[in-house]
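Novice: First, the structure itself, so that you have it in front of you.
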Amino acid sequence: MFEIILGAISLGLLWAIMTIGVYITYRILDIADLTVEGSIAMGAAIAAFSIFNGMNPFIATCLAFVGGMLAGLVTGILHTKLKIPALLAGILTMIALYSVNLRIMGKANLSLLRIDTVFTPLENLGLSPTNVVMLFGFISVMAIVGLLYWFFGTEIGCAIRATGDNPQMARAQGINTNNMIILGLVISNGLVALSGSLIAQSQSFADIQMGIGSIVIGLASVIIGEVIFGTRNFFNCLISLALGAITYRIIIALVLKMGMPANDLKLFTAITVAIALSLPVFKSYLRPLKKSMNGGDL
Amino acid sequence: MKKHGKKLMTAVLVAAVIVLGAGCSSSGTSGTKEESKNATIGIVQYVDHVALDAAREGFVTALADNGYTDGDNITLDIQNSQGDQSNLSTISDRFVSNKVDLVLAIATPAAQAIAGKTTEIPILGTAITDYEAARLVKTNEEPGGNVSGTTDMNPIKEQIDLLVKLVPTAKTVGVLYTSGEDNSIIQAKMAKEAIEKLGLNYVEVTVTNSNDVQQATQSIVSQCDAIYIPTDNVFASAMPQVQSITSQSKTPVICGESGMVESGGLATLGISYSDLGYQTGLMAVKILKGEAEPATMPIEAATKFEYAINGAVAEEIGLTIPSDLSQYVITAK
């Protein structure tokens with residue numbers, strides 16, 4: 001049981017990077033960006049292909065990050081320069097990336113079994129695969145949280161946040177909102193692709209279909225994180241996102257652990273996530289109840 | 001109004017607790033009992049699908065026929081990722097942490113996920129086309145690790161020969177498959193080679209998911225005299241739609257496996273996934289008895305292939321079945 005939770009935490013940490021990427025577009029820029037379904041597989045595809053052909057896994061992972069940024073750039077240009085609605089721009093890039101990813105890998109599934117990945121140097125130190133992923137994921141997430149916390153405090157970072165909060169006001173302040181939207185999409189999809197490349201290396205294969213449903217997982221993780229772990233300030237938000245992604249994975253692990261009939265897995269995942277999300281409502285419902293039990297008036 | 005809302009909320013809360021409680025209690029009976037005494041076999045299936053289900057059932061039958069019955073002297077832990085690859089990792093963690101004695105992985109991503117998590121627990125795969133390309137084994141003859149199993153590679157050349165036998169006038173063969181499925185790509189490549197070798201032309205059209213099937217089929221029927229579809233997860237589900245188009249254009253469709261013929265294809269010479277699962281089960285029995293290890297067990301292929309011909313479809317497109325094949329006509333819808 002303990003090991004399953006550890007496995008869920010390590011996987012959750014890798015998905016946390018993707019969740020933070022989704023947060024940047026969904027919350028900061030206020031755009032639902034569907035590019036991520038393509039860019040997560042793109043990160044996996046670039047990393048898997050490069051590593052498979054003998055490239056240093058760390059460089060391959062960086063390449064994946066750059067590839068994701070390019071995907072974000074395309075969506076950004078479609079949206080801001082060509083005036084295509086954000087949702088559609090994301091969908092277009094996502095569709096296009098399916099072919100691009102097939103081109104990158106040359107086939108639909110690329111295996112990384114028995115090939116050195118970014119996790120191998122740590123594994124050679126005698127750590128178990130799960131612990132390696134956890135350690136690596138933890139350091140990566142902390143580094144990314146730190147960098148983003150710093151970045152969104154700089155002038156340009158603040159400009160991105162202002163663009164999402166109130167575009168008219170941002171423009172009035174002399175901010176080029178179009179450029180800020182593009183920059184946000186670039187950072188977001190870079191992170192998503194980075195996450196995809198790490199997931200592929202940890203599960204030891206990249207598959208063209210691995211992006212399917214990822215936006216739903218990302219959004220669910222964002223909201224679970226916000227609801228359960230709070231949004232008091234930006235730093236708290238970023239930590240909540242990571243915890244949200246981990247929580248989502250633990251929920252799946254628990255649902256699997258319960259030994260549900262396979263066909264009901266998705267239903268129970270949905271129910272469990274719904275319960276997690278409605279916790280604040282239950283809390284606010286229990287509060288007056290307590291008060292009334294103490295003799296207070298409703 | 002406010003009170004009403006609270007009642008509703010209570011009802012929801014109670015319902016949720018009951019549902020989750022029921023889930024927990026059911027796991028108590030199916031899961032962990034006597035794990036220490038009996039061998040536990042973890043089965044991880046990538047997605048629900050007639051052929052994959054048949055392979056799983058064949059595997060369980062083979063175990064039962066050799067005296068290994070679930071709940072009696074072995075415990076089966078059957079998990080299905082519902083087509084969500086990120087769940088495969090969690091399922092693999094579960095097997096590794098429960099220290100199962102053997103894993104059956106059904107379909108390529110499932111085998112890759114579990115093989116990435118353990119190099120000790122014996123893993124048998126089934127419904128996997130190419131173990132070497134998936135890097136699950138060093139070579140098919142001598143796997144050299146903890147993975148072995150059965151391949152669902154089709155007799156593709158023979159299937160193309162069957163196509164020519166049934167449609168001797170065919171000059172151009174359409175090849176239809178899903179671009180995102182590695183197994184389909186491998187088979188399509190072999191099919192194209194076989195077609196060219198016979199001096200025929202081919203056109204290929206691919207789909208990305210079931211939403212593209214109708215247009216892809218419509219586009220291909222206008223360009224070819226007969227269609228070949230390999231074993232393919234998308235087309236396995238979408239055969240009725242293919243049939244609705246090919247029956248109008250009177251285009252014969254040769255498929256990769258018999259399930260697809262039953263649901264609308266014309267004919268196949270293929271493997272039976274149930275038999276393949278059974279064969280994998282026999283390999284499992286050897287491992288459970290300690291007679292063999294995956295490292296030295298070659299990847300096994302199906303030993304017998306069966307014709308299946310859909311009589312109703314043949315009638316629809318006005319095709320006469322040669323008399324030596326008439327015994328294989330099945331009367332599915």
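Labels for the structure tokens follow display order: chains A, B, ..., residues from 1 in each chain, ligands from 1.
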Using DSSP on the backbone, list every residue of segment 244-328 of chain B that comes out as strand (DSSP E), and give them as number ranges by chain.
Specialist: B: 253-255, 267-270, 300-301, 306-310
Novice: Could you please select, counting only C-alpha atoms, the residues of chain A within 7 Å of chain B and state them as a list in words?
Specialist: Glu3, Ile4, Gly7, Ala8, Lys107, Ala108, Asn109, Leu110, Ser111, Leu113, Gln203, Ser204, Phe205, Ile208, Gln209, Met210, Ala253, Met258, Gly259, Met260 and Ala262 of chain A
Novice: Please write the residues from the selection above to a file, keeping N, CA and C atoms, as a short mmCIF file (atom, residue, chain, number, x, y, z; two decimals), in the first residue's frame.
Specialist:
```cif
data_model
loop_
_atom_site.label_atom_id
_atom_site.label_comp_id
_atom_site.auth_asym_id
_atom_site.auth_seq_id
_atom_site.Cartn_x
_atom_site.Cartn_y
_atom_site.Cartn_z
N GLU A 3 3.91 1.54 -0.92
CA GLU A 3 4.65 1.70 -2.17
C GLU A 3 3.76 2.25 -3.28
N ILE A 4 2.47 1.86 -3.24
CA ILE A 4 1.55 2.37 -4.27
C ILE A 4 1.41 3.88 -4.12
N GLY A 7 4.46 5.50 -5.38
CA GLY A 7 4.40 5.51 -6.85
C GLY A 7 3.51 6.63 -7.34
N ALA A 8 2.36 6.80 -6.68
CA ALA A 8 1.42 7.85 -7.08
C ALA A 8 2.04 9.22 -6.86
N LYS A 107 7.14 6.49 -35.84
CA LYS A 107 6.14 5.46 -35.61
C LYS A 107 5.32 5.84 -34.39
N ALA A 108 4.34 5.01 -34.05
CA ALA A 108 3.37 5.44 -33.05
C ALA A 108 3.83 5.19 -31.62
N ASN A 109 4.81 4.32 -31.46
CA ASN A 109 5.22 3.95 -30.10
C ASN A 109 6.71 3.72 -30.11
N LEU A 110 7.39 4.40 -29.21
CA LEU A 110 8.85 4.29 -29.16
C LEU A 110 9.23 3.85 -27.74
N SER A 111 9.95 2.73 -27.67
CA SER A 111 10.26 2.16 -26.37
C SER A 111 11.60 2.65 -25.85
N LEU A 113 12.90 1.09 -23.01
CA LEU A 113 13.34 0.05 -22.09
C LEU A 113 14.82 -0.22 -22.29
N GLN A 203 7.97 6.10 -17.57
CA GLN A 203 7.17 4.91 -17.92
C GLN A 203 7.86 4.09 -19.00
N SER A 204 8.99 4.56 -19.47
CA SER A 204 9.88 3.87 -20.41
C SER A 204 9.30 3.66 -21.81
N PHE A 205 8.34 4.47 -22.20
CA PHE A 205 7.95 4.52 -23.60
C PHE A 205 7.21 5.82 -23.89
N ILE A 208 2.01 7.85 -29.21
CA ILE A 208 1.33 8.95 -29.87
C ILE A 208 0.02 9.30 -29.16
N GLN A 209 -0.57 8.32 -28.48
CA GLN A 209 -1.88 8.56 -27.87
C GLN A 209 -1.78 9.02 -26.42
N MET A 210 -0.56 9.27 -25.91
CA MET A 210 -0.47 9.53 -24.48
C MET A 210 -1.04 10.88 -24.07
N ALA A 253 -4.86 5.98 -7.60
CA ALA A 253 -4.23 4.80 -7.01
C ALA A 253 -5.19 4.13 -6.02
N MET A 258 -8.82 -0.20 -4.52
CA MET A 258 -10.08 -0.75 -4.01
C MET A 258 -10.50 -1.97 -4.80
N GLY A 259 -9.90 -2.16 -5.97
CA GLY A 259 -10.27 -3.32 -6.78
C GLY A 259 -11.61 -3.16 -7.44
N MET A 260 -11.86 -1.95 -7.95
CA MET A 260 -13.10 -1.69 -8.68
C MET A 260 -13.18 -2.58 -9.91
N ALA A 262 -13.11 -3.13 -13.59
CA ALA A 262 -12.33 -2.28 -14.49
C ALA A 262 -13.18 -1.24 -15.22
#
```
Novice: So that I can see what lies close to segment 189-201 of chain B, please list as a VMD selection string the residues with an atom at most 7 Å from it, counting only C-alpha atoms and leaving out residues fewer than 6 positions away in the same chain.
Specialist: chain B and resid 156 to 157 160 171 to 173
Novice: Ranking B:Ile321, B:Val167, B:Leu276, B:Leu102 by minimum distance to Arg56 of chain B and counting only C-alpha atoms, which one comes first?
Specialist: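 Counting only C-alpha atoms, the residue closest to Arg56 of chain B is B:Leu276.
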Novice: Report, in Å with one decimal, the straight-line distance from atom CA of Val192 of chain A to atom CA of Gly43 of chain A.
Specialist: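 Atom-to-atom, atom CA of Val192 of chain A to atom CA of Gly43 of chain A, that is 7.5 Å.
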Novice: Give me, as a compact mmCIF listing (two decimals) with N, CA and C atoms, in the first residue's frame, all polymer residues having an atom no more than 7 Å from Ala193 of chain A, counting only C-alpha atoms and skipping those fewer than 6 positions away in the same chain.
Specialist:
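After the write, part-v3.txt holds the following:
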```txt
# COMPACT_ATOMS: atom_id res chain seq x y z
N SER A 39 1.10 18.95 -26.94
CA SER A 39 2.47 19.28 -26.55
C SER A 39 3.01 18.29 -25.51
N ILE A 40 2.15 17.66 -24.73
CA ILE A 40 2.64 16.66 -23.77
C ILE A 40 3.19 15.45 -24.54
N MET A 42 4.23 15.68 -27.59
CA MET A 42 5.37 16.18 -28.34
C MET A 42 6.64 16.12 -27.49
N GLY A 43 6.52 16.53 -26.23
CA GLY A 43 7.67 16.44 -25.33
C GLY A 43 8.16 15.02 -25.22
N ALA A 44 7.20 14.09 -25.08
CA ALA A 44 7.55 12.67 -24.98
C ALA A 44 8.22 12.21 -26.27
N ALA A 64 12.99 18.82 -25.62
CA ALA A 64 11.55 18.63 -25.48
C ALA A 64 10.90 19.92 -24.99
N PHE A 65 11.56 20.57 -24.02
CA PHE A 65 11.05 21.83 -23.47
C PHE A 65 10.95 22.88 -24.59
N GLY A 68 8.06 22.13 -26.98
CA GLY A 68 6.78 22.54 -26.41
C GLY A 68 6.60 24.05 -26.54
```
Novice: Write out as a ChimeraX atom specification the set of residues from segment 13-228 of chain A that DSSP, computed on the backbone, places in helix (DSSP H, G or I).
Specialist: /A:13-28,36-52,57-80,86-105,120-123,129-151,155-165,167-172,177-203,214-228
Novice: What does the structure give for the distance between atom CA of Glu257 of chain B and atom CA of Ser99 of chain A, in Å to one decimal?
Specialist: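 Computed distance, atom CA of Glu257 of chain B to atom CA of Ser99 of chain A, equals 27.5 Å.
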